[in-house]
Every structure is written in C-alpha cells, then in structure tokens.
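Engineer: upload_24.cif is reproduced below (mmCIF, C-alpha atoms (C1' of nucleotides)).
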```cif
data_work
loop_
_atom_site.label_atom_id
_atom_site.label_comp_id
_atom_site.auth_asym_id
_atom_site.auth_seq_id
_atom_site.Cartn_x
_atom_site.Cartn_y
_atom_site.Cartn_z
CA MET A 5 39.69 68.70 108.10
CA PRO A 6 42.59 67.84 110.40
CA PRO A 7 41.40 65.95 113.50
CA THR A 8 41.41 69.08 115.75
CA PRO A 9 44.62 71.04 115.25
CA PRO A 10 45.90 72.14 118.66
CA SER A 11 46.14 75.90 118.20
CA ALA A 12 42.79 76.26 116.51
CA ALA A 13 41.64 78.78 119.10
CA CYS A 14 42.86 81.68 117.01
CA SER A 15 40.95 83.91 114.70
CA ILE A 16 43.63 83.65 112.06
CA ASN A 17 42.86 80.00 111.89
CA ALA A 18 39.13 80.64 111.65
CA THR A 19 39.76 83.18 108.93
CA LEU A 20 41.99 80.91 106.91
CA GLU A 21 39.45 78.14 107.25
CA VAL A 22 37.14 80.33 105.21
CA ILE A 23 39.26 82.34 102.82
CA GLY A 24 42.68 80.75 103.22
CA ASP A 25 43.41 79.55 99.78
CA ARG A 26 45.09 81.06 96.81
CA TRP A 27 42.08 81.38 94.55
CA THR A 28 39.64 82.63 97.14
CA LEU A 29 41.89 85.52 98.02
CA LEU A 30 42.40 86.37 94.38
CA VAL A 31 38.68 86.22 93.73
CA LEU A 32 38.12 88.62 96.59
CA ARG A 33 40.80 90.92 95.27
CA ASP A 34 39.04 91.05 91.94
CA LEU A 35 35.68 91.69 93.56
CA PHE A 36 37.27 94.62 95.36
CA ARG A 37 38.56 95.92 92.09
CA GLY A 38 35.10 95.85 90.61
CA VAL A 39 35.30 92.65 88.61
CA ARG A 40 31.93 91.12 89.31
CA ARG A 41 30.84 88.67 86.68
CA PHE A 42 31.61 85.02 86.39
CA SER A 43 33.19 85.24 82.98
CA GLU A 44 35.14 88.37 83.83
CA LEU A 45 36.62 86.56 86.79
CA VAL A 46 37.49 83.55 84.70
CA ASP A 47 39.19 85.73 82.10
CA ASP A 48 41.01 87.92 84.53
CA LEU A 49 42.23 85.26 86.92
CA GLY A 50 42.72 82.36 84.58
CA ILE A 51 40.91 80.18 87.09
CA ALA A 52 39.11 77.02 86.00
CA LYS A 53 35.37 77.50 85.89
CA ASN A 54 34.58 74.67 88.26
CA LEU A 55 36.94 76.07 90.85
CA LEU A 56 35.52 79.55 90.53
CA SER A 57 32.07 78.08 90.86
CA ASP A 58 33.07 76.27 94.07
CA ARG A 59 34.78 79.31 95.55
CA LEU A 60 31.89 81.62 94.84
CA LYS A 61 29.45 79.10 96.27
CA ARG A 62 31.45 78.92 99.45
CA LEU A 63 31.80 82.68 99.68
CA VAL A 64 28.06 83.10 99.24
CA GLU A 65 27.35 80.48 101.91
CA GLU A 66 29.66 82.31 104.27
CA GLY A 67 27.91 85.58 103.62
CA ILE A 68 31.02 87.21 102.23
CA VAL A 69 29.65 87.63 98.75
CA GLU A 70 26.13 87.90 97.43
CA LYS A 71 24.78 86.87 94.08
CA VAL A 72 22.59 89.62 92.76
CA PRO A 73 20.66 89.46 89.50
CA TYR A 74 21.37 92.37 87.24
CA GLN A 75 18.90 91.33 84.56
CA ASP A 76 16.41 88.58 83.88
CA ARG A 77 15.53 87.06 80.52
CA PRO A 78 18.15 85.74 80.36
CA ALA A 79 18.75 85.64 84.12
CA ARG A 80 22.24 87.00 84.75
CA PHE A 81 23.99 87.51 88.02
CA GLU A 82 26.88 89.36 89.42
CA TYR A 83 28.78 88.78 92.61
CA ARG A 84 29.16 91.54 95.10
CA LEU A 85 30.87 91.83 98.42
CA THR A 86 28.63 92.03 101.45
CA PRO A 87 29.69 94.26 104.35
CA LYS A 88 31.40 91.21 105.80
CA GLY A 89 33.32 90.80 102.59
CA ALA A 90 34.14 94.47 102.29
CA ASP A 91 35.53 94.29 105.79
CA LEU A 92 38.34 92.14 104.41
CA SER A 93 39.82 95.13 102.66
CA PRO A 94 42.41 95.87 105.36
CA ALA A 95 43.75 92.36 105.00
CA LEU A 96 44.00 92.59 101.24
CA ILE A 97 45.54 96.03 101.47
CA ALA A 98 48.12 94.72 103.90
CA LEU A 99 49.01 91.82 101.61
CA MET A 100 49.31 94.16 98.69
CA ARG A 101 51.54 96.55 100.52
CA TRP A 102 53.83 93.75 101.51
CA GLY A 103 54.10 92.64 97.92
CA ASP A 104 54.78 96.23 96.86
CA GLU A 105 57.49 96.53 99.43
CA TRP A 106 59.32 93.32 98.69
CA TYR A 107 58.46 92.17 95.22
CA ALA A 108 57.80 95.19 93.08
CA ASP A 109 61.12 96.27 91.65
CA GLY A 110 60.93 100.01 91.55
CA ASN A 111 57.37 101.21 91.36
CA PRO A 112 54.48 99.10 92.55
CA PRO A 113 52.04 98.08 89.78
CA VAL A 114 48.99 99.35 91.65
CA VAL A 115 48.76 101.79 94.50
CA LEU A 116 45.86 102.71 96.71
CA VAL A 117 45.14 106.37 97.01
CA HIS A 118 42.80 108.56 98.96
CA GLU A 119 39.90 109.30 96.67
CA ALA A 120 39.64 112.86 97.92
CA CYS A 121 43.22 113.90 97.27
CA GLY A 122 45.01 111.14 95.36
CA THR A 123 47.68 110.60 97.99
CA PRO A 124 48.97 107.05 98.36
CA LEU A 125 47.72 105.53 101.59
CA GLU A 126 49.46 104.01 104.54
CA GLN A 127 48.32 101.46 107.01
CA HIS A 128 49.09 101.55 110.71
CA VAL A 129 48.40 99.73 113.88
CA GLN A 130 47.27 102.20 116.48
CA CYS A 131 46.64 102.35 120.17
CA PRO A 132 43.34 104.16 120.72
CA ARG A 133 44.38 105.10 124.26
CA CYS A 134 47.84 106.46 123.59
CA CYS A 135 46.74 107.81 120.18
CA GLU A 136 49.97 106.75 118.59
CA THR A 137 51.18 104.35 115.96
CA VAL A 138 52.50 101.12 117.41
CA SER A 139 55.41 99.34 115.78
CA PRO A 140 55.24 95.54 115.49
CA GLY A 141 57.82 95.13 118.23
CA LYS A 142 55.55 96.82 120.73
CA VAL A 143 52.60 94.58 120.09
CA ARG A 144 51.76 91.73 122.45
CA SER A 145 49.34 88.96 121.83
CA GLN A 146 47.14 88.26 124.80
CA SER A 147 45.14 85.09 125.08
CA GLN A 148 41.71 85.39 126.60
CA GLN A 149 41.35 81.75 127.65
CA GLN A 150 44.76 80.58 128.79
CA SER A 151 47.45 83.01 129.80
CA ALA A 152 50.15 82.30 127.26
CA ASP A 153 51.17 85.89 126.74
CA ARG A 154 54.18 86.60 124.63
CA ALA A 155 55.52 89.56 122.79
CA ILE A 156 54.48 89.09 119.19
CA ASN A 157 57.97 89.89 118.03
CA ASP A 158 60.39 88.68 120.61
CA PRO A 159 63.00 91.46 120.65
CA ARG A 160 65.93 89.22 121.66
CA GLU A 161 67.38 89.45 118.18
CA GLU A 162 66.66 93.12 117.57
CA ARG A 163 69.67 95.11 116.40
CA MET B 24 51.95 77.41 87.51
CA PRO B 25 49.17 78.72 85.29
CA PRO B 26 50.43 79.77 81.83
CA THR B 27 50.53 83.52 82.70
CA PRO B 28 47.34 84.51 84.45
CA PRO B 29 46.14 87.82 82.97
CA SER B 30 45.93 90.02 86.07
CA ALA B 31 49.28 88.94 87.44
CA ALA B 32 50.54 92.52 87.52
CA CYS B 33 49.35 92.97 91.05
CA SER B 34 51.27 92.77 94.25
CA ILE B 35 48.59 90.71 95.86
CA ASN B 36 49.29 88.09 93.28
CA ALA B 37 53.02 88.27 93.90
CA THR B 38 52.41 87.99 97.62
CA LEU B 39 50.11 85.04 97.33
CA GLU B 40 52.61 83.36 95.05
CA VAL B 41 54.93 83.28 98.03
CA ILE B 42 52.83 82.93 101.14
CA GLY B 43 49.42 82.22 99.72
CA ASP B 44 48.62 78.88 101.17
CA ARG B 45 46.92 77.76 104.29
CA TRP B 46 49.92 76.27 106.04
CA THR B 47 52.41 78.97 105.20
CA LEU B 48 50.23 81.63 106.75
CA LEU B 49 49.69 79.53 109.84
CA VAL B 50 53.41 78.87 110.16
CA LEU B 51 54.04 82.58 109.97
CA ARG B 52 51.39 83.22 112.56
CA ASP B 53 53.12 80.82 114.91
CA LEU B 54 56.50 82.38 114.27
CA PHE B 55 54.98 85.72 115.20
CA ARG B 56 53.68 84.22 118.40
CA GLY B 57 57.14 83.02 119.30
CA VAL B 58 56.84 79.38 118.33
CA ARG B 59 60.20 78.81 116.69
CA ARG B 60 61.22 75.19 116.67
CA PHE B 61 60.37 72.51 114.21
CA SER B 62 58.76 70.20 116.71
CA GLU B 63 56.87 72.98 118.43
CA LEU B 64 55.42 73.95 115.09
CA VAL B 65 54.45 70.39 114.33
CA ASP B 66 52.77 69.99 117.69
CA ASP B 67 51.03 73.32 117.67
CA LEU B 68 49.78 73.29 114.12
CA GLY B 69 49.16 69.61 113.58
CA ILE B 70 50.95 69.95 110.26
CA ALA B 71 52.64 66.98 108.64
CA LYS B 72 56.39 67.13 109.02
CA ASN B 73 57.14 66.91 105.34
CA LEU B 74 54.87 69.83 104.64
CA LEU B 75 56.38 71.91 107.40
CA SER B 76 59.79 71.06 106.05
CA ASP B 77 58.80 72.22 102.57
CA ARG B 78 57.16 75.40 103.80
CA LEU B 79 60.10 76.40 105.95
CA LYS B 80 62.48 75.69 103.14
CA ARG B 81 60.53 77.93 100.85
CA LEU B 82 60.26 80.68 103.45
CA VAL B 83 64.01 80.55 104.02
CA GLU B 84 64.69 80.71 100.28
CA GLU B 85 62.45 83.74 100.04
CA GLY B 86 64.26 85.45 102.88
CA ILE B 87 61.16 85.61 105.04
CA VAL B 88 62.50 83.31 107.69
CA GLU B 89 66.01 82.47 108.76
CA LYS B 90 67.27 79.29 110.28
CA VAL B 91 69.53 80.15 113.19
CA PRO B 92 71.42 77.62 115.28
CA TYR B 93 70.74 77.97 118.98
CA GLN B 94 73.10 75.21 120.03
CA ASP B 95 75.51 72.80 118.45
CA ARG B 96 76.26 69.29 119.63
CA PRO B 97 73.61 68.39 118.78
CA ALA B 98 73.12 71.04 116.14
CA ARG B 99 69.70 72.50 116.67
CA PHE B 100 68.02 75.30 114.86
CA GLU B 101 65.19 77.63 115.29
CA TYR B 102 63.31 79.58 112.71
CA ARG B 103 63.02 83.30 113.05
CA LEU B 104 61.35 85.96 111.02
CA THR B 105 63.63 88.27 109.09
CA PRO B 106 62.65 91.93 108.76
CA LYS B 107 60.90 90.95 105.55
CA GLY B 108 58.93 88.35 107.45
CA ALA B 109 58.18 90.65 110.35
CA ASP B 110 56.82 93.12 107.84
CA LEU B 111 53.96 90.72 107.24
CA SER B 112 52.52 91.48 110.64
CA PRO B 113 49.98 94.02 109.40
CA ALA B 114 48.57 91.40 107.07
CA LEU B 115 48.29 88.80 109.78
CA ILE B 116 46.82 91.32 112.17
CA ALA B 117 44.26 92.29 109.59
CA LEU B 118 43.28 88.67 109.00
CA MET B 119 43.01 88.08 112.70
CA ARG B 120 40.85 91.10 113.25
CA TRP B 121 38.51 89.98 110.55
CA GLY B 122 38.17 86.59 112.18
CA ASP B 123 37.56 88.25 115.54
CA GLU B 124 34.90 90.42 114.04
CA TRP B 125 32.99 87.73 112.18
CA TYR B 126 33.79 84.36 113.67
CA ALA B 127 34.47 84.82 117.36
CA ASP B 128 31.15 84.58 119.16
CA GLY B 129 31.46 87.01 122.00
CA ASN B 130 35.04 87.58 122.97
CA PRO B 131 37.89 86.98 120.56
CA PRO B 132 40.25 84.18 121.62
CA VAL B 133 43.36 86.31 121.28
CA VAL B 134 43.69 90.07 121.18
CA LEU B 135 46.64 92.24 120.33
CA VAL B 136 47.44 94.90 122.85
CA HIS B 137 49.85 97.78 123.16
CA GLU B 138 52.73 96.50 125.22
CA ALA B 139 53.09 99.80 127.01
CA CYS B 140 49.53 100.10 128.24
CA GLY B 141 47.66 96.87 127.49
CA THR B 142 45.00 98.54 125.35
CA PRO B 143 43.63 96.45 122.47
CA LEU B 144 44.89 97.80 119.18
CA GLU B 145 43.15 99.01 116.09
CA GLN B 146 44.26 99.10 112.52
CA HIS B 147 43.53 101.88 110.09
CA VAL B 148 44.22 103.00 106.60
CA GLN B 149 45.42 106.55 106.66
CA CYS B 150 46.08 109.38 104.32
CA PRO B 151 49.43 110.94 105.23
CA ARG B 152 48.45 114.20 103.58
CA CYS B 153 45.00 114.68 105.09
CA CYS B 154 46.11 113.03 108.36
CA GLU B 155 42.83 111.21 108.67
CA THR B 156 41.54 107.68 108.68
CA VAL B 157 40.17 106.61 105.31
CA SER B 158 37.20 104.25 105.12
CA PRO B 159 37.29 101.50 102.46
CA GLY B 160 34.72 103.31 100.35
CA LYS B 161 37.05 106.27 99.93
CA VAL B 162 39.94 104.21 98.65
CA ARG B 163 40.74 104.04 94.96
CA SER B 164 43.07 101.66 93.28
CA GLN B 165 45.30 103.34 90.76
CA SER B 166 47.22 101.38 88.19
CA GLN B 167 50.69 102.62 87.36
CA GLN B 168 50.94 100.93 83.97
CA GLN B 169 47.52 101.10 82.37
CA SER B 170 44.93 103.58 83.56
CA ALA B 171 42.18 101.27 84.73
CA ASP B 172 41.22 103.31 87.74
CA ARG B 173 38.21 102.32 89.72
CA ALA B 174 36.93 102.93 93.19
CA ILE B 175 37.92 99.90 95.18
CA ASN B 176 34.40 99.61 96.50
CA ASP B 177 32.07 100.74 93.81
CA PRO B 178 29.39 102.66 95.71
CA ARG B 179 26.58 101.99 93.26
CA GLU B 180 24.91 99.63 95.71
CA GLU B 181 25.52 101.65 98.86
CA ARG B 182 22.45 102.27 100.95
"C1'" DC C 25 16.42 77.17 62.79
"C1'" DG C 26 21.14 77.30 64.01
"C1'" DA C 27 25.02 79.85 66.00
"C1'" DG C 28 26.57 82.29 69.94
"C1'" DC C 29 26.90 83.90 74.63
"C1'" DG C 30 26.72 83.84 79.74
"C1'" DG C 31 26.90 80.78 83.37
"C1'" DG C 32 27.63 77.11 84.80
"C1'" DT C 33 28.28 71.20 85.70
"C1'" DT C 34 30.63 66.81 84.76
"C1'" DG C 35 34.64 63.64 84.02
"C1'" DC C 36 39.13 62.53 84.16
"C1'" DG C 37 44.14 62.53 84.51
"C1'" DA C 38 47.89 65.07 87.07
"C1'" DT C 39 49.41 67.31 91.23
"C1'" DT C 40 49.44 68.11 96.00
"C1'" DT C 41 48.15 66.62 100.68
"C1'" DG C 42 48.20 64.00 104.98
"C1'" DC C 43 49.74 60.27 107.45
"C1'" DA C 44 52.74 56.84 108.99
"C1'" DA C 45 56.98 54.71 108.82
"C1'" DC C 46 61.67 55.19 108.74
"C1'" DC C 47 66.32 57.42 109.44
"C1'" DA C 48 70.39 59.64 111.52
"C1'" DA C 49 72.68 62.40 115.07
"C1'" DC C 50 73.21 63.01 119.43
"C1'" DC C 51 72.28 62.49 124.57
"C1'" DT C 52 71.13 60.16 128.95
"C1'" DC C 53 70.54 56.53 132.05
"C1'" DG C 54 71.46 51.90 134.01
"C1'" DC D 8 78.66 49.90 126.70
"C1'" DG D 9 74.17 49.51 124.87
"C1'" DA D 10 68.94 50.61 125.14
"C1'" DG D 11 66.06 53.97 124.56
"C1'" DG D 12 64.64 58.96 123.93
"C1'" DT D 13 64.60 63.40 121.54
"C1'" DT D 14 65.09 66.49 117.56
"C1'" DG D 15 64.80 67.23 112.93
"C1'" DG D 16 64.02 65.58 109.28
"C1'" DT D 17 63.08 62.15 104.48
"C1'" DT D 18 60.45 58.58 101.97
"C1'" DG D 19 56.23 56.12 100.24
"C1'" DC D 20 51.71 55.77 99.35
"C1'" DA D 21 46.58 56.45 99.46
"C1'" DA D 22 43.26 60.19 99.25
"C1'" DA D 23 41.85 64.76 98.29
"C1'" DT D 24 42.25 68.67 95.22
"C1'" DC D 25 43.34 70.99 90.85
"C1'" DG D 26 43.26 72.14 85.87
"C1'" DC D 27 41.51 71.29 81.60
"C1'" DA D 28 38.31 70.08 78.21
"C1'" DA D 29 33.84 68.78 77.06
"C1'" DC D 30 29.20 69.30 77.58
"C1'" DC D 31 24.64 71.54 78.99
"C1'" DC D 32 20.89 74.96 79.44
"C1'" DG D 33 18.25 79.10 78.68
"C1'" DC D 34 18.07 82.76 75.99
"C1'" DT D 35 18.81 86.02 71.98
"C1'" DC D 36 19.97 87.37 67.35
"C1'" DG D 37 20.30 86.88 62.34
#
```
Turn this file's structure into structure tokens for me.
Structural biologist:
Amino acid sequence: MPPTPPSAACSINATLEVIGDRWTLLVLRDLFRGVRRFSELVDDLGIAKNLLSDRLKRLVEEGIVEKVPYQDRPARFEYRLTPKGADLSPALIALMRWGDEWYADGNPPVVLVHEACGTPLEQHVQCPRCCETVSPGKVRSQSQQQSADRAINDPREER
Amino acid sequence: MPPTPPSAACSINATLEVIGDRWTLLVLRDLFRGVRRFSELVDDLGIAKNLLSDRLKRLVEEGIVEKVPYQDRPARFEYRLTPKGADLSPALIALMRWGDEWYADGNPPVVLVHEACGTPLEQHVQCPRCCETVSPGKVRSQSQQQSADRAINDPREER
DNA sequence: CGAGCGGGTTGCGATTTGCAACCAACCTCG
DNA sequence: CGAGGTTGGTTGCAAATCGCAACCCGCTCG
C-alpha cells in the first residue's frame, strides 16, 4: 500500500482498492455471464489457478462473491455474486459499452438487451429532479469535506 | 500478453487491455476532475513519476488523452481527455457510485451533481424502446458471433 | 487398485512496481 | 553572472507480483 496517497478520499479509489485489477474485473465479468466454477473460470479466462484462487478469496472476503456448495461427496462449490457484487453491473456495462464504441470494428461482439423485448440497452446519467438525461459536460463533482468543486469536464476546450 | 485468452471476444476485455490497471483508472479520474499537469498528478495520486510517464504515454497513443502545450518558453504541457477519453465518464461514475454505496460509511466523500440544479445524479440502464429503467436481473447478454445467450444475472438463486 | 477429475496449494523464474537519484530546460533573484 | 528553484521527465535497482508447471487431496468410476 502506498504510504497514504493524497486524494484517497474518493470512492473511485476505494473501489479500485478492492476490484481494481485486470483479473478481478474479468472474473466478475465472467460471474455476471454465468460462469461460476473454478475450472470454468480458468478455462475461459486463461488465468493461472493460483491467481484465480487469490482473487476469489479476496472477493469472498469483501462480500462481493459467495462460495456456495452445489453438491457434497465430493464437496464442490460454485462462486456467485452477492447483491453487493451484482451491484457492480452498471460499472461493467459502462466499460463494455466503451469498448464497443471504440474498439469493436463494426458490430460489437456482445450486446446487452432488454430481456422483455430484445432491444439493445443504453445507459444514462440522470437528474432525478429535472427528470432529464445529463451529458458529461453538465456534471459537477462536489466534495463533501473540502470545497474543491470543479466541473467534471472543464468546457474550456469544447468545440 | 497471455497466448490468446479464450473469452477475449468481449469488449470488456478490449477495454481492460487499454485502461485496466489501477493507476490508469486513477489518472483518468483525476483528469476528469480537472487535474491536468504532470506534477499535479504526481502530487495528487502519489504515483511514481516513471509510472505516470508510462501511463500517460499509453493513453496518448490510444487517443484517450492529448498532450496540449499551454505555454512555450519553457514548453509546458497539460494532459486533456479527448472525446474518446471523456466517453469513459459513465464507467468512472459507475465505479464511484459503487464505492459510495458500499464503502463510504455515511456520506460519500464526493458526489456528482447536475450543474444546473445541484441535485445528486443517478445512473440507469434503459431500454430505448420500452422507455423504462431496466434492473440488472432483466438484462441479457447476447453474443453476436456464437449464440451463447444467458441472462446476465441468472435468477435461479433469487429470493 | 489405479486413473481421472474438480479444486485447489506450492515453488520458482520472469515481469512489473515503487522509490530515489539524476538530468535538462528554463526562470528568477541577488 | 551564477546559485538555486521549478517542471517534466529518465535511469537503476530492490521488492512485490505474475505466470507456469508441478504437486496434492478427496472422491468416483472401471
């Protein structure tokens, strides 16, 4: 751990402390997709078993994933997202959409659709008061402790 | 690089390939907050200068960040998000909200508000056809290549 | 009984970090 | 003019982390 990084008072930092590495995020993605067993994860991700073991252990400790037995004799387990883990879906969806937008040439490899009607989904930031979608340029970050308010996207360079 | 990880055909993978490490995400967070200069980033993040140098170089190569001179004599630069970089904001917002939800005891350290009215923002997944917010359990992931469709949150264990 | 499978742990060399030291332009002050 | 400061890096090296292969354990199947 760094010896107290200055801007640690941010939830992004707290979040990345927990899930902020390559493999952890990919493990979570696979758990979302329904891949649940140790060996399935190893096969699908190509991750080394010791690393997967570490990551899962950490995720279980953090309450993001739970290890549930699906048979005994021999005792076998699968890993499932807890509500806390499932609550990461917006973040994963956002990362995926960004990749679709900028790295999928042509059609994205996987799209998320509304189960009821099959329509590809969108993700928006909304103001519950104004009931409208807010573009990134209209978002401000507001510190609760110190008052270091700044527009999240400084519009000086907007064309 | 792993020798072709099996489930690479996913935009999350592509995304993480580019920005999927602890420091890169934190650098981006700071750029969103308006921290733009090399030394500011070093001070704020507590990152080693060589690492910051590498990360910025990679981000510039990827077209996520651009290095713009803000004075010459002495030539000084600042790093700004390109549209591609700014498009990552939903992902960062989602990560931040998760941290707020699960790791901020009491009040979150930083909240995002609508510039026009100061109301804290929310983020939703929406179906453009049904015009309604879609909960994670109602989202399906649909592969474009192979047909390995599965509900993103398998509801078998839902209580 | 021995092979095989799921689910790991252990060991070890290779890579990546983090830190400190150094460097090079340029500016400012005495 | 020269000493020292600031910005924006690069270099070197010890320490942590990763990836791979090997091994282990409980259990089942032939």
Engineer: To test the calculation: enclose all listed atoms of region 28-35 of chain D in a box whose edges run along x, y and z, add 5 Å on each side, then state centre and edge lengths in Å to one decimal, as JSON.
Structural biologist:
```
{"center_x": 28.2, "center_y": 77.4, "center_z": 75.7, "size_x": 30.2, "size_y": 27.2, "size_z": 17.5}
```
Engineer: So which residues get picked by the PyMOL selection byres ((chain B) within 9 of (chain D)) here, written as a list in words?
Structural biologist: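 Output from the PyMOL selection byres ((chain B) within 9 of (chain D)), applied to this file: Pro25, Phe61, Ser62, Lys72, Asn73, Ser76, Pro97, Arg99 and Phe100 of chain B.
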Engineer: Any chance you could work out the residue set of the PyMOL selection byres ((chain A) within 6 of (chain B)) here, as a PyMOL selection string?
Structural biologist: chain A and resi 9-11+14-16+19+24-26+36-37+48-50+94-95+98-100+103-104+113-119+125-131+142-148+156-157
Engineer: When you get a sec, could you note down which chain C residues fall within 8 Å of chain A, using only C-alpha atoms (C1' of nucleotides), as a PyMOL selection string?
Structural biologist: chain C and resi 30-33
Engineer: In Å, how far is it from CA of Cys135 (chain A) to CA of Glu155 (chain B)?
Structural biologist: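 That distance, rounded to one decimal, is 12.6 Å.
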Engineer: Save region 84-105 of chain B from what I just supplied, as a short mmCIF file (atom, residue, chain, number, x, y, z; two decimals), in the first residue's frame, atoms limited to N, CA and C atoms.
Structural biologist:
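And here is the file that came out, decode_32.cif:
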```
data_model
loop_
_atom_site.label_atom_id
_atom_site.label_comp_id
_atom_site.auth_asym_id
_atom_site.auth_seq_id
_atom_site.Cartn_x
_atom_site.Cartn_y
_atom_site.Cartn_z
N GLU B 84 -1.10 7.49 -26.87
CA GLU B 84 -1.05 6.60 -28.03
C GLU B 84 -2.44 6.06 -28.38
N GLU B 85 -3.22 5.78 -27.35
CA GLU B 85 -4.55 5.23 -27.59
C GLU B 85 -5.56 6.29 -27.97
N GLY B 86 -5.15 7.54 -27.94
CA GLY B 86 -6.09 8.60 -28.30
C GLY B 86 -7.10 8.91 -27.22
N ILE B 87 -6.79 8.55 -26.00
CA ILE B 87 -7.71 8.80 -24.89
C ILE B 87 -7.41 10.15 -24.25
N VAL B 88 -6.15 10.51 -24.34
CA VAL B 88 -5.69 11.75 -23.74
C VAL B 88 -4.86 12.48 -24.78
N GLU B 89 -4.90 13.80 -24.78
CA GLU B 89 -3.95 14.51 -25.63
C GLU B 89 -3.12 15.46 -24.81
N LYS B 90 -1.88 15.63 -25.31
CA LYS B 90 -0.91 16.45 -24.62
C LYS B 90 -0.93 17.80 -25.31
N VAL B 91 -1.44 18.82 -24.66
CA VAL B 91 -1.53 20.12 -25.31
C VAL B 91 -0.63 21.11 -24.60
N PRO B 92 0.14 21.88 -25.38
CA PRO B 92 1.00 22.87 -24.77
C PRO B 92 0.16 24.03 -24.25
N TYR B 93 0.45 24.51 -23.07
CA TYR B 93 -0.29 25.66 -22.58
C TYR B 93 0.61 26.87 -22.43
N GLN B 94 1.89 26.66 -22.72
CA GLN B 94 2.82 27.78 -22.83
C GLN B 94 4.08 27.23 -23.48
N ASP B 95 4.85 28.13 -24.16
CA ASP B 95 6.17 27.70 -24.52
C ASP B 95 7.15 28.64 -23.83
N ARG B 96 8.39 28.29 -23.86
CA ARG B 96 9.41 29.08 -23.16
C ARG B 96 9.03 29.30 -21.72
N PRO B 97 9.19 28.35 -20.87
CA PRO B 97 9.52 26.95 -21.16
C PRO B 97 8.30 26.20 -21.67
N ALA B 98 8.55 25.26 -22.57
CA ALA B 98 7.45 24.46 -23.10
C ALA B 98 6.83 23.65 -21.98
N ARG B 99 5.57 23.86 -21.78
CA ARG B 99 4.86 23.13 -20.74
C ARG B 99 3.58 22.57 -21.33
N PHE B 100 3.23 21.39 -20.83
CA PHE B 100 2.09 20.71 -21.41
C PHE B 100 1.07 20.39 -20.35
N GLU B 101 -0.13 20.21 -20.80
CA GLU B 101 -1.10 19.60 -19.92
C GLU B 101 -1.79 18.47 -20.66
N TYR B 102 -2.37 17.60 -19.90
CA TYR B 102 -3.00 16.43 -20.47
C TYR B 102 -4.50 16.60 -20.36
N ARG B 103 -5.14 16.41 -21.49
CA ARG B 103 -6.59 16.58 -21.54
C ARG B 103 -7.23 15.35 -22.14
N LEU B 104 -8.44 15.10 -21.70
CA LEU B 104 -9.18 13.99 -22.27
C LEU B 104 -9.65 14.34 -23.66
N THR B 105 -9.53 13.42 -24.57
CA THR B 105 -10.15 13.56 -25.89
C THR B 105 -11.61 13.14 -25.75
#
```
